[in-house]
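Everything below concerns the one structure shown next.
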Amino acid sequence: QVQLVESGGGWVQAGGSRRLFCAASGSTFTIYDMGWYRQGPGKQRELVALNSIGGIRKYGDSVKGRFTISRDNAKNTVYLQMNSLKPEDTAVYYCYADDTLERHWGQGTQVTVSS
């Protein structure tokens with residue numbers, strides 16, 4: 001089993017930056033893709049970014065050029081650097097990790113961007 005713990009959420013003014021962290025524990029040797037989704041108020045959950053074990057990175061259209069995902073496989077940690085934040089980035093951000101059996105989710109961390 002894989003457990004994910006996110007941190008780094010909080011309040012930030014528009015135009016500011018925030019860095020999210022997600023640490024995996026447990027059966028981490030089975031993990032291949034890791035990434036982030038988010039769910040804003042009254043919105044569906046959407047993909048923010050993913051980082052494959054091979055280093056391929058993909059981003060949601062709304063965050064391209066502003067957010068950067070990175071991953072430290074030795075530490076089983078994935079990061080999300082968020083720059084030029086906008087009020088519409090306000091959401092609960094969820095880390096996920098895929099292994100051969102299923103997708104695992106973290107508990108979520110709230111990011112609030114004020115205008």
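A note on labels: chains of the structure tokens are A, B, ... as shown, every chain counts residues from 1, and ligands are counted from 1 in their shown order.
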* To do: For stretch 81-90 of chain A, list every protein, DNA or RNA residue within 10 Å, evaluated using only C-alpha atoms, and leave out those in the same chain fewer than 2 positions away; present the list as an NGL selection string.
  => :A and (10-21 or 38-41 or 62-63 or 65-70 or 79 or 92-93 or 110-115)
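If you measure from each of A:Cys95, A:Leu47, A:Ile53, A:Ala74 to A:Asp33 using only C-alpha atoms, the closest one turns out to be A:Ile53.
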* To do: Skip A:Ala49 itself and residues of its chain fewer than 6 positions away, then list as a list in words all residues within 6 Å of it, counting only C-alpha atoms.
  => Gly35, Trp36, Lys58 and Tyr59 of chain A
What does the file look like for those residues with N, CA and C atoms, as a PDB file, in the first residue's frame?
```
ATOM      1  N   GLY A  35       1.671  12.924  -9.617  1.00  0.00           N
ATOM      2  CA  GLY A  35       1.230  14.221 -10.111  1.00  0.00           C
ATOM      3  C   GLY A  35       0.244  14.884  -9.181  1.00  0.00           C
ATOM      4  N   TRP A  36      -0.399  15.912  -9.739  1.00  0.00           N
ATOM      5  CA  TRP A  36      -1.330  16.723  -8.960  1.00  0.00           C
ATOM      6  C   TRP A  36      -2.620  16.960  -9.738  1.00  0.00           C
ATOM      7  N   LYS A  58       3.711  16.617 -17.987  1.00  0.00           N
ATOM      8  CA  LYS A  58       2.566  17.172 -18.706  1.00  0.00           C
ATOM      9  C   LYS A  58       1.820  18.114 -17.781  1.00  0.00           C
ATOM     10  N   TYR A  59       1.190  19.144 -18.380  1.00  0.00           N
ATOM     11  CA  TYR A  59       0.507  20.159 -17.604  1.00  0.00           C
ATOM     12  C   TYR A  59      -0.889  20.418 -18.143  1.00  0.00           C
TER      13      TYR A  59
END
```
* For A:Cys22: contacts at 7 Å, only C-alpha atoms, fewer than 6 positions along chain excluded, given as a PyMOL selection string -> chain A and resi 4-7+77-79+95
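DSSP annotation of chain A from backbone atoms: helix (DSSP H, G or I) residues are Thr28, Phe29, Thr30, Pro87, Glu88 and Asp89 of chain A.
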* Asked: When DSSP works through the backbone of this structure, what residues of chain A end up as strand (DSSP E or B), shown as a PyMOL selection string?
  -> chain A and resi 2-7+10-13+18-26+34-39+46-51+57-59+67-72+77-82+91-98+103-105+109-114
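Proximity ranking of A:Asn76, A:Thr109, A:Gln1, A:Thr100 relative to A:Met34 places A:Asn76 first, based on only C-alpha atoms.
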* Atomic separation - atom CA of A:Arg57 relative to atom CA of A:Ala23, Å -> 18.1 Å
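Of the listed residues (A:Leu50, A:Asp99, A:Ile56, A:Ala24), A:Leu50 comes nearest to A:Tyr37; the distances count only C-alpha atoms.
Of the listed residues (A:Asp61, A:Val2, A:Leu101, A:Gly54), A:Val2 comes nearest to A:Thr28; the distances count only C-alpha atoms.
Distances to A:Ser52 were evaluated for A:Asp98, A:Ser25, A:Trp105, A:Thr30 using only C-alpha atoms, and the minimum falls at A:Asp98.
Among A:Asn51, A:Gln44, A:Ser27, A:Gln3, the residue with the shortest atom-to-atom distance to A:Gly106, counting only C-alpha atoms, is A:Gln3.
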